[in-house]
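Listing of structure_38.pdb, PDB, C-alpha atoms and all ligand atoms
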MODEL        1
ATOM      1  CA  MET A   1       0.000   0.000   0.000
ATOM      2  CA  GLN A   2       1.248   3.422  -0.856
ATOM      3  CA  LEU A   3       1.791   5.558   2.219
ATOM      4  CA  PRO A   4      -0.675   8.445   2.614
ATOM      5  CA  VAL A   5       1.771  11.324   2.324
ATOM      6  CA  GLU A   6       2.590  14.317   0.233
ATOM      7  CA  GLN A   7       5.655  16.438  -0.339
ATOM      8  CA  PHE A   8       6.001  19.997  -1.531
ATOM      9  CA  GLU A   9       7.923  20.708  -4.692
ATOM     10  CA  ALA A  10       9.461  23.877  -3.304
ATOM     11  CA  LEU A  11      11.160  21.888  -0.535
ATOM     12  CA  SER A  12      11.915  18.669  -2.402
ATOM     13  CA  ASN A  13      15.020  19.888  -4.173
ATOM     14  CA  ILE A  14      16.731  21.570  -1.242
ATOM     15  CA  PRO A  15      19.915  19.626  -0.429
ATOM     16  CA  ASN A  16      19.867  17.903   2.969
ATOM     17  CA  CYS A  17      16.311  19.001   3.657
ATOM     18  CA  ARG A  18      13.839  16.255   4.560
ATOM     19  CA  HIS A  19      10.131  16.936   4.803
ATOM     20  CA  ILE A  20       6.765  15.287   4.552
ATOM     21  CA  PHE A  21       3.095  15.973   5.224
ATOM     22  CA  THR A  22       1.041  12.925   6.148
ATOM     23  CA  ARG A  23      -2.529  12.605   4.944
ATOM     24  CA  ARG A  24      -5.573  10.783   6.279
ATOM     25  CA  VAL A  25      -4.557   7.225   7.071
ATOM     26  CA  PRO A  26      -7.149   4.795   5.707
ATOM     27  CA  GLY A  27      -8.572   2.183   8.040
ATOM     28  CA  ILE A  28      -7.877   3.891  11.348
ATOM     29  CA  ASP A  29     -10.821   5.044  13.436
ATOM     30  CA  VAL A  30      -9.839   8.460  14.719
ATOM     31  CA  ALA A  31     -13.163   9.679  16.104
ATOM     32  CA  HIS A  32     -11.594  10.259  19.518
ATOM     33  CA  ASP A  33      -9.850  12.935  21.518
ATOM     34  CA  LYS A  34      -6.423  14.180  20.488
ATOM     35  CA  THR A  35      -4.359  11.940  22.774
ATOM     36  CA  GLU A  36      -6.158   8.779  21.698
ATOM     37  CA  THR A  37      -6.171   9.762  18.048
ATOM     38  CA  LEU A  38      -2.408  10.419  18.052
ATOM     39  CA  ARG A  39      -1.858   7.090  19.783
ATOM     40  CA  ARG A  40      -3.810   5.310  17.058
ATOM     41  CA  LEU A  41      -1.887   7.089  14.301
ATOM     42  CA  GLU A  42       1.535   6.592  15.873
ATOM     43  CA  ALA A  43       2.446   3.344  14.102
ATOM     44  CA  ALA A  44       1.434   4.686  10.690
ATOM     45  CA  HIS A  45       3.341   7.903  11.268
ATOM     46  CA  LEU A  46       6.425   5.975  12.355
ATOM     47  CA  LYS A  47       6.223   3.874   9.212
ATOM     48  CA  ILE A  48       6.095   7.074   7.182
ATOM     49  CA  ARG A  49       9.092   8.490   9.055
ATOM     50  CA  ARG A  50      11.013   5.300   8.307
ATOM     51  CA  GLY A  51      10.011   5.541   4.649
ATOM     52  CA  LEU A  52      11.480   9.033   4.572
ATOM     53  CA  GLY A  53      14.721   7.724   6.049
ATOM     54  CA  THR A  54      14.214   9.616   9.292
ATOM     55  CA  GLY A  55      12.845   6.773  11.398
ATOM     56  CA  ASP A  56      15.774   6.878  13.792
ATOM     57  CA  TRP A  57      15.817  10.657  14.128
ATOM     58  CA  PRO A  58      14.513  12.008  17.435
ATOM     59  CA  LEU A  59      11.100  13.602  16.974
ATOM     60  CA  LEU A  60      10.734  17.045  18.505
ATOM     61  CA  THR A  61       7.160  18.199  18.958
ATOM     62  CA  ALA A  62       5.415  21.229  20.409
ATOM     63  CA  GLU A  63       2.501  21.230  22.807
ATOM     64  CA  GLN A  64       0.598  23.523  20.390
ATOM     65  CA  VAL A  65      -1.356  25.831  22.633
ATOM     66  CA  HIS A  66      -2.301  28.348  19.906
ATOM     67  CA  GLY A  67       0.342  30.732  21.204
ATOM     68  CA  ASN A  68       3.453  32.227  19.617
ATOM     69  CA  LYS A  69       6.306  30.705  21.597
ATOM     70  CA  ILE A  70       9.099  28.975  19.682
ATOM     71  CA  ALA A  71      11.428  26.225  20.896
ATOM     72  CA  ILE A  72      14.990  26.855  19.751
ATOM     73  CA  VAL A  73      17.028  23.699  19.288
ATOM     74  CA  ALA A  74      20.555  24.845  18.583
ATOM     75  CA  GLU A  75      23.662  22.816  17.925
ATOM     76  CA  PRO A  76      25.035  21.514  21.198
ATOM     77  CA  GLY A  77      26.925  24.375  22.816
ATOM     78  CA  GLN A  78      25.588  26.995  20.436
ATOM     79  CA  ALA A  79      22.648  28.083  22.531
ATOM     80  CA  GLY A  80      24.966  28.839  25.424
ATOM     81  CA  GLN A  81      27.177  31.010  23.257
ATOM     82  CA  LEU A  82      24.236  32.796  21.718
ATOM     83  CA  LEU A  83      22.716  33.341  25.112
ATOM     84  CA  GLN A  84      25.885  34.970  26.342
ATOM     85  CA  GLN A  85      26.116  37.176  23.292
ATOM     86  CA  ASN A  86      22.537  38.231  23.530
ATOM     87  CA  SER A  87      21.838  38.624  27.194
ATOM     88  CA  GLY A  88      25.027  37.977  29.108
ATOM     89  CA  ALA A  89      23.127  35.349  31.065
ATOM     90  CA  ASP A  90      25.155  33.075  33.281
ATOM     91  CA  ARG A  91      24.691  29.473  32.324
ATOM     92  CA  SER A  92      27.170  28.065  34.795
ATOM     93  CA  ASP A  93      24.241  26.567  36.665
ATOM     94  CA  THR A  94      23.324  24.314  33.787
ATOM     95  CA  ASP A  95      24.979  21.014  33.145
ATOM     96  CA  GLY A  96      24.394  21.039  29.421
ATOM     97  CA  ARG A  97      21.883  18.241  29.556
ATOM     98  CA  SER A  98      18.839  20.042  30.830
ATOM     99  CA  TRP A  99      16.996  22.706  28.914
ATOM    100  CA  ALA A 100      17.539  26.303  29.710
ATOM    101  CA  THR A 101      14.267  28.085  30.155
ATOM    102  CA  GLN A 102      15.432  31.622  30.743
ATOM    103  CA  PRO A 103      13.221  34.026  28.852
ATOM    104  CA  ILE A 104      15.149  35.605  26.010
ATOM    105  CA  ASP A 105      14.566  39.232  25.267
ATOM    106  CA  PRO A 106      15.816  39.971  21.776
ATOM    107  CA  ILE A 107      15.026  43.258  20.133
ATOM    108  CA  GLY A 108      11.451  43.301  18.956
ATOM    109  CA  CYS A 109      10.768  39.719  19.915
ATOM    110  CA  PRO A 110       7.086  39.389  20.795
ATOM    111  CA  SER A 111       7.583  36.489  23.129
ATOM    112  CA  GLY A 112      10.020  34.434  25.067
ATOM    113  CA  ALA A 113      11.481  31.241  23.791
ATOM    114  CA  ILE A 114      12.522  27.918  25.143
ATOM    115  CA  TRP A 115      16.089  26.853  24.554
ATOM    116  CA  VAL A 116      17.538  23.428  24.172
ATOM    117  CA  ASP A 117      21.268  23.054  24.312
ATOM    118  CA  LEU A 118      22.007  19.387  24.245
ATOM    119  CA  PRO A 119      22.734  16.602  21.821
ATOM    120  CA  THR A 120      19.184  15.610  21.077
ATOM    121  CA  GLN A 121      19.110  11.827  21.196
ATOM    122  CA  SER A 122      15.531  11.103  22.108
ATOM    123  CA  ASP A 123      12.074  12.443  21.376
ATOM    124  CA  LYS A 124      11.208  15.697  23.123
ATOM    125  CA  HIS A 125       7.950  17.524  23.631
ATOM    126  CA  PHE A 126       8.081  21.266  24.257
ATOM    127  CA  ALA A 127       5.403  22.589  26.562
ATOM    128  CA  GLY A 128       3.859  25.934  25.772
ATOM    129  CA  CYS A 129       5.367  26.115  22.269
ATOM    130  CA  ASP A 130       3.759  26.283  18.836
ATOM    131  CA  GLY A 131       6.871  26.140  16.718
ATOM    132  CA  LEU A 132      10.386  24.784  16.666
ATOM    133  CA  ILE A 133      13.550  25.935  14.943
ATOM    134  CA  THR A 134      16.871  24.154  14.679
ATOM    135  CA  THR A 135      20.280  24.045  13.049
ATOM    136  CA  GLN A 136      20.848  20.532  14.359
ATOM    137  CA  ARG A 137      21.094  17.754  11.789
ATOM    138  CA  GLY A 138      19.406  14.419  12.221
ATOM    139  CA  VAL A 139      16.443  15.592  14.270
ATOM    140  CA  ALA A 140      12.884  15.808  12.986
ATOM    141  CA  LEU A 141      10.643  18.714  13.875
ATOM    142  CA  GLY A 142       7.005  17.622  14.074
ATOM    143  CA  ILE A 143       3.723  19.517  14.122
ATOM    144  CA  HIS A 144       0.270  17.930  14.155
ATOM    145  CA  VAL A 145      -2.558  19.701  12.355
ATOM    146  CA  ALA A 146      -6.174  19.183  11.329
ATOM    147  CA  ASP A 147      -7.277  22.494   9.733
ATOM    148  CA  CYS A 148      -4.557  24.708  11.201
ATOM    149  CA  CYS A 149      -1.609  25.445   8.943
ATOM    150  CA  ALA A 150       1.793  23.786   9.283
ATOM    151  CA  VAL A 151       4.310  26.338   8.077
ATOM    152  CA  TYR A 152       7.665  24.985   6.899
ATOM    153  CA  ILE A 153      10.572  27.433   6.923
ATOM    154  CA  VAL A 154      13.875  26.428   5.340
ATOM    155  CA  ASP A 155      17.102  28.404   5.268
ATOM    156  CA  PRO A 156      19.281  26.354   2.898
ATOM    157  CA  ASN A 157      22.212  28.676   3.402
ATOM    158  CA  THR A 158      22.863  28.446   7.165
ATOM    159  CA  PRO A 159      21.342  25.780   7.064
ATOM    160  CA  ALA A 160      18.421  25.967   9.491
ATOM    161  CA  VAL A 161      14.799  24.895   9.558
ATOM    162  CA  GLY A 162      11.638  25.924  11.363
ATOM    163  CA  LEU A 163       8.218  24.333  11.619
ATOM    164  CA  VAL A 164       5.245  26.217  13.003
ATOM    165  CA  HIS A 165       1.626  25.542  13.934
ATOM    166  CA  SER A 166      -0.372  28.585  12.872
ATOM    167  CA  GLY A 167      -4.151  28.573  13.007
ATOM    168  CA  LYS A 168      -6.510  31.487  13.530
ATOM    169  CA  LYS A 169      -5.229  32.462  16.970
ATOM    170  CA  GLY A 170      -1.532  31.695  16.414
ATOM    171  CA  THR A 171      -1.645  33.762  13.243
ATOM    172  CA  GLU A 172      -3.200  36.668  15.152
ATOM    173  CA  LEU A 173      -0.355  36.352  17.667
ATOM    174  CA  GLY A 174       2.258  36.265  14.899
ATOM    175  CA  VAL A 175       3.774  32.855  15.604
ATOM    176  CA  VAL A 176       5.314  32.580  12.118
ATOM    177  CA  THR A 177       6.698  36.106  12.415
ATOM    178  CA  ASN A 178       8.285  35.095  15.695
ATOM    179  CA  ALA A 179       9.827  31.950  14.204
ATOM    180  CA  ILE A 180      11.373  33.973  11.358
ATOM    181  CA  MET A 181      12.704  36.564  13.803
ATOM    182  CA  GLN A 182      14.164  33.866  16.037
ATOM    183  CA  MET A 183      15.857  32.160  13.071
ATOM    184  CA  SER A 184      17.293  35.496  12.110
ATOM    185  CA  SER A 185      18.518  36.559  15.549
ATOM    186  CA  ARG A 186      19.635  33.117  16.782
ATOM    187  CA  PHE A 187      21.007  31.508  13.652
ATOM    188  CA  GLY A 188      21.713  34.518  11.436
ATOM    189  CA  SER A 189      19.194  33.430   8.797
ATOM    190  CA  LYS A 190      18.508  36.048   6.126
ATOM    191  CA  ALA A 191      14.897  36.603   5.087
ATOM    192  CA  SER A 192      15.929  36.608   1.433
ATOM    193  CA  ASP A 193      17.293  33.056   1.821
ATOM    194  CA  LEU A 194      14.175  31.647   3.448
ATOM    195  CA  ILE A 195      11.827  29.315   1.626
ATOM    196  CA  VAL A 196       8.399  29.112   3.227
ATOM    197  CA  GLN A 197       5.780  26.462   2.488
ATOM    198  CA  LEU A 198       2.209  26.484   3.782
ATOM    199  CA  SER A 199       0.504  23.102   4.185
ATOM    200  CA  PRO A 200      -3.110  22.352   3.333
ATOM    201  CA  CYS A 201      -5.331  24.047   5.932
ATOM    202  CA  ILE A 202      -8.945  25.155   6.274
ATOM    203  CA  ARG A 203      -9.884  28.147   4.160
ATOM    204  CA  PRO A 204     -12.900  30.223   3.180
ATOM    205  CA  PRO A 205     -15.683  29.469   2.525
ATOM    206  CA  HIS A 206     -15.271  26.558   4.967
ATOM    207  CA  TYR A 207     -13.791  28.915   7.541
ATOM    208  CA  GLU A 208     -14.548  32.542   8.255
ATOM    209  CA  VAL A 209     -10.941  33.651   8.576
ATOM    210  CA  ASP A 210      -8.394  33.420   5.777
ATOM    211  CA  PHE A 211      -5.401  32.908   8.043
ATOM    212  CA  ALA A 212      -3.291  31.376   5.253
ATOM    213  CA  THR A 213      -3.362  34.726   3.465
ATOM    214  CA  LYS A 214      -2.409  36.464   6.714
ATOM    215  CA  ILE A 215       0.540  34.107   7.181
ATOM    216  CA  ILE A 216       1.764  34.977   3.691
ATOM    217  CA  GLU A 217       1.420  38.700   4.499
ATOM    218  CA  GLN A 218       3.386  38.187   7.718
ATOM    219  CA  CYS A 219       6.207  36.458   5.832
ATOM    220  CA  ARG A 220       6.312  39.250   3.237
ATOM    221  CA  ALA A 221       6.409  41.834   6.006
ATOM    222  CA  ARG A 222       9.579  40.163   7.329
ATOM    223  CA  GLY A 223      11.182  40.358   3.892
ATOM    224  CA  VAL A 224      10.566  36.768   2.783
ATOM    225  CA  ASP A 225       9.661  36.475  -0.882
ATOM    226  CA  GLN A 226      10.021  32.741  -1.546
ATOM    227  CA  ILE A 227       6.586  31.782  -0.236
ATOM    228  CA  HIS A 228       4.669  28.757  -1.471
ATOM    229  CA  ASP A 229       1.126  27.843  -0.531
ATOM    230  CA  SER A 230      -0.410  24.452  -1.268
ATOM    231  CA  GLY A 231      -3.693  26.356  -1.626
ATOM    232  CA  ILE A 232      -5.653  23.300  -0.567
ATOM    233  CA  CYS A 233      -8.557  23.433   1.880
ATOM    234  CA  THR A 234      -8.613  20.484   4.299
ATOM    235  CA  ALA A 235     -12.382  20.725   4.784
ATOM    236  CA  CYS A 236     -12.942  20.382   1.025
ATOM    237  CA  HIS A 237     -11.037  17.086   0.868
ATOM    238  CA  LEU A 238     -12.056  14.836   3.710
ATOM    239  CA  ASP A 239     -10.941  11.849   1.649
ATOM    240  CA  LEU A 240      -7.352  13.097   1.916
ATOM    241  CA  TYR A 241      -7.191  15.131   5.107
ATOM    242  CA  TYR A 242      -8.639  15.423   8.583
ATOM    243  CA  SER A 243     -10.759  18.472   9.364
ATOM    244  CA  TYR A 244     -11.259  19.461  12.984
ATOM    245  CA  ARG A 245     -14.094  21.791  12.058
ATOM    246  CA  VAL A 246     -16.061  19.450   9.798
ATOM    247  CA  GLU A 247     -15.498  16.411  12.015
ATOM    248  CA  LYS A 248     -16.366  18.399  15.133
ATOM    249  CA  GLY A 249     -13.083  17.919  16.936
ATOM    250  CA  ARG A 250     -13.128  14.139  16.882
ATOM    251  CA  THR A 251     -10.703  13.424  14.118
ATOM    252  CA  GLY A 252      -7.101  12.558  13.316
ATOM    253  CA  ARG A 253      -4.093  14.757  12.700
ATOM    254  CA  MET A 254      -1.766  15.207   9.784
ATOM    255  CA  LEU A 255       1.882  15.103  10.826
ATOM    256  CA  ALA A 256       4.142  17.733   9.306
ATOM    257  CA  LEU A 257       7.817  16.782   9.499
ATOM    258  CA  LEU A 258      10.908  18.831   8.710
ATOM    259  CA  GLY A 259      14.581  18.312   9.363
ATOM    260  CA  LEU A 260      18.158  18.567   8.123
ATOM    261  CA  ALA A 261      20.072  15.466   7.050
TER
HETATM  262 ZN    ZN A 301     -12.978  24.122   1.941
ENDMDL
END
Go ahead and express the file in the form of structure tokens.
Amino acid sequence: MQLPVEQFEALSNIPNCRHIFTRRVPGIDVAHDKTETLRRLEAAHLKIRRGLGTGDWPLLTAEQVHGNKIAIVAEPGQAGQLLQQNSGADRSDTDGRSWATQPIDPIGCPSGAIWVDLPTQSDKHFAGCDGLITTQRGVALGIHVADCCAVYIVDPNTPAVGLVHSGKKGTELGVVTNAIMQMSSRFGSKASDLIVQLSPCIRPPHYEVDFATKIIEQCRARGVDQIHDSGICTACHLDLYYSYRVEKGRTGRMLALLGLA
């Protein structure tokens, strides 16, 4: 059986970039709450990760609270250096294996961020975050969506990647803007290098707010011009995707994956 996945042309040809967007998985009853639904989809999603060649990569996920906080997963040691450059914070109290949670206060940053400064060898789940950015190779960023947009951000030059959950509320709070700003201030990513891809998500007339268009405007406002939108409405294609709105909250999730090989 062919795996229920899709890839985006704009990201497919970037060297060392691995990505995928899983679709509705046939034969799995997902009319349950989120925890149960993710449990039921786990085996299929793992099979897909293996098919992509990233089955042994740690999976880093965000709690997804419809906020704008970003988890920053730097190269081991890098976060500490950046932290010193940016805030002069003393990290002598950390042992390099626990996450630093000091709020960062970069210029113009609309929110704090959570820092990880460790060789990431196992799956991690970041509380309170709606996006993740990294320069680390061999780790997979993961976001689960069912109507909200998964926004893939690739900087092939640094290289660095970011993956963001942006629905109606996260878009209002500027979560993608924050991810771009964090990639810029933490990793030195240039807006002109960034390639942004929007996943299928719910759109008008199935939804009253066109947040995909707002996300594109937010990227443009940060100076990004390589922006690609799948243009597909999840609610229009229940054969291919899950829709939280249409299925009244009791549905599955698509897994967006992004990482650097
Ligand atoms: Zn629709």
- Item | Distance filter 9 Å around ligand ZN 301 (chain A), atoms: all atoms listed in the file, out as a PyMOL selection string | chain A and resi 201-207+232-237
- Task: Tell me which protein, DNA and RNA residues are within 8 Å of His144 of chain A, counting all atoms listed in the file, leaving out same-chain ones fewer than 2 positions away, and put them as a count of residues only.
- Result: 8
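Counting from atom CA of Val65 of chain A, the distance to atom CA of Cys149 of chain A is 13.7 Å.
Nearest residue to Gln218 of chain A, choosing from A:Val151, A:Ala10, A:Leu240, A:Ala261 and counting all atoms listed in the file: A:Val151.
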- Task: Step by step, work through what the PyMOL selection byres (((chain A and resi 131) around 12) and not hetatm) selects in the shown file, and finish by giving those residues as a VMD selection string.
- Result: chain A and resid 60 to 73 113 to 114 125 to 130 132 to 134 141 to 144 149 to 153 161 to 167 170 to 171 174 to 180 182 to 183 256 to 258
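Note that atom CA of Gly259 of chain A and atom CA of Thr135 of chain A are 8.9 Å apart.
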- Explicit residues for the PyMOL selection byres (((chain A and resi 18) around 10) and not hetatm) (as a VMD selection string): chain A and resid 7 11 to 17 19 to 20 52 to 54 138 140 257 to 261
- Message: I need every residue sitting at most 12 Å from the point (23.4, 30.6, 4.2) (coordinates as in the file, all atoms listed in the file considered), written as an MDAnalysis selection string.
- Response: chainID A and resid 135 154:161 183:184 187:195
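The two atoms in question, atom CA of Asp239 of chain A and atom CA of Phe8 of chain A, are spaced 19.1 Å apart.
Restricting the calculation to all atoms listed in the file, the smallest distance between Asp210 of chain A and any of A:Leu41, A:Cys148, A:Ala31, A:Ile48 is found for A:Cys148.
In this comparison, which uses only C-alpha atoms, the residue of A:Asp229, A:Met181, A:Val145, A:Glu217 approaching Ser243 of chain A most closely is A:Val145.
Of the listed residues (A:Ile216, A:Val139, A:Ala74, A:Leu173), A:Val139 comes nearest to Gly55 of chain A; the distances count all atoms listed in the file.
Using all atoms listed in the file, the shortest contact distance between Ala212 of chain A and any of A:Arg250, A:Lys47, A:Arg186, A:Lys168 is found at A:Lys168.
Here the PyMOL selection byres (((chain A and resi 249) around 10) and not hetatm) captures the residues Ala31, His32, Asp33, Lys34, Ala146, Tyr242, Ser243, Tyr244, Arg245, Val246, Glu247, Lys248, Arg250, Thr251 and Gly252 of chain A.
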How big is the axis-aligned box around all listed atoms of segment 119-130 of chain A once 5 Å goes on each side, and where's its centre, in Å to one decimal, as AutoDock Vina command-line options?
--center_x 13.2 --center_y 18.7 --center_z 22.7 --size_x 29.0 --size_y 25.2 --size_z 17.7
- Message: When you look at Glu6 of chain A with a cut-off of 8 Å (counting all atoms listed in the file), what residues show up, excluding the ones that are within fewer than 5 positions of it in the same chain? I need them as JSON, numbers by chain.
- Response: {"A": [20, 21, 22, 23]}
- Quick one: everything within 7 Å of Ser230 of chain A, counting all atoms listed in the file, minus sequence neighbours fewer than 6 positions away in the same chain. Send it as a list of chain:residue names. A:Leu198, A:Ser199, A:Pro200
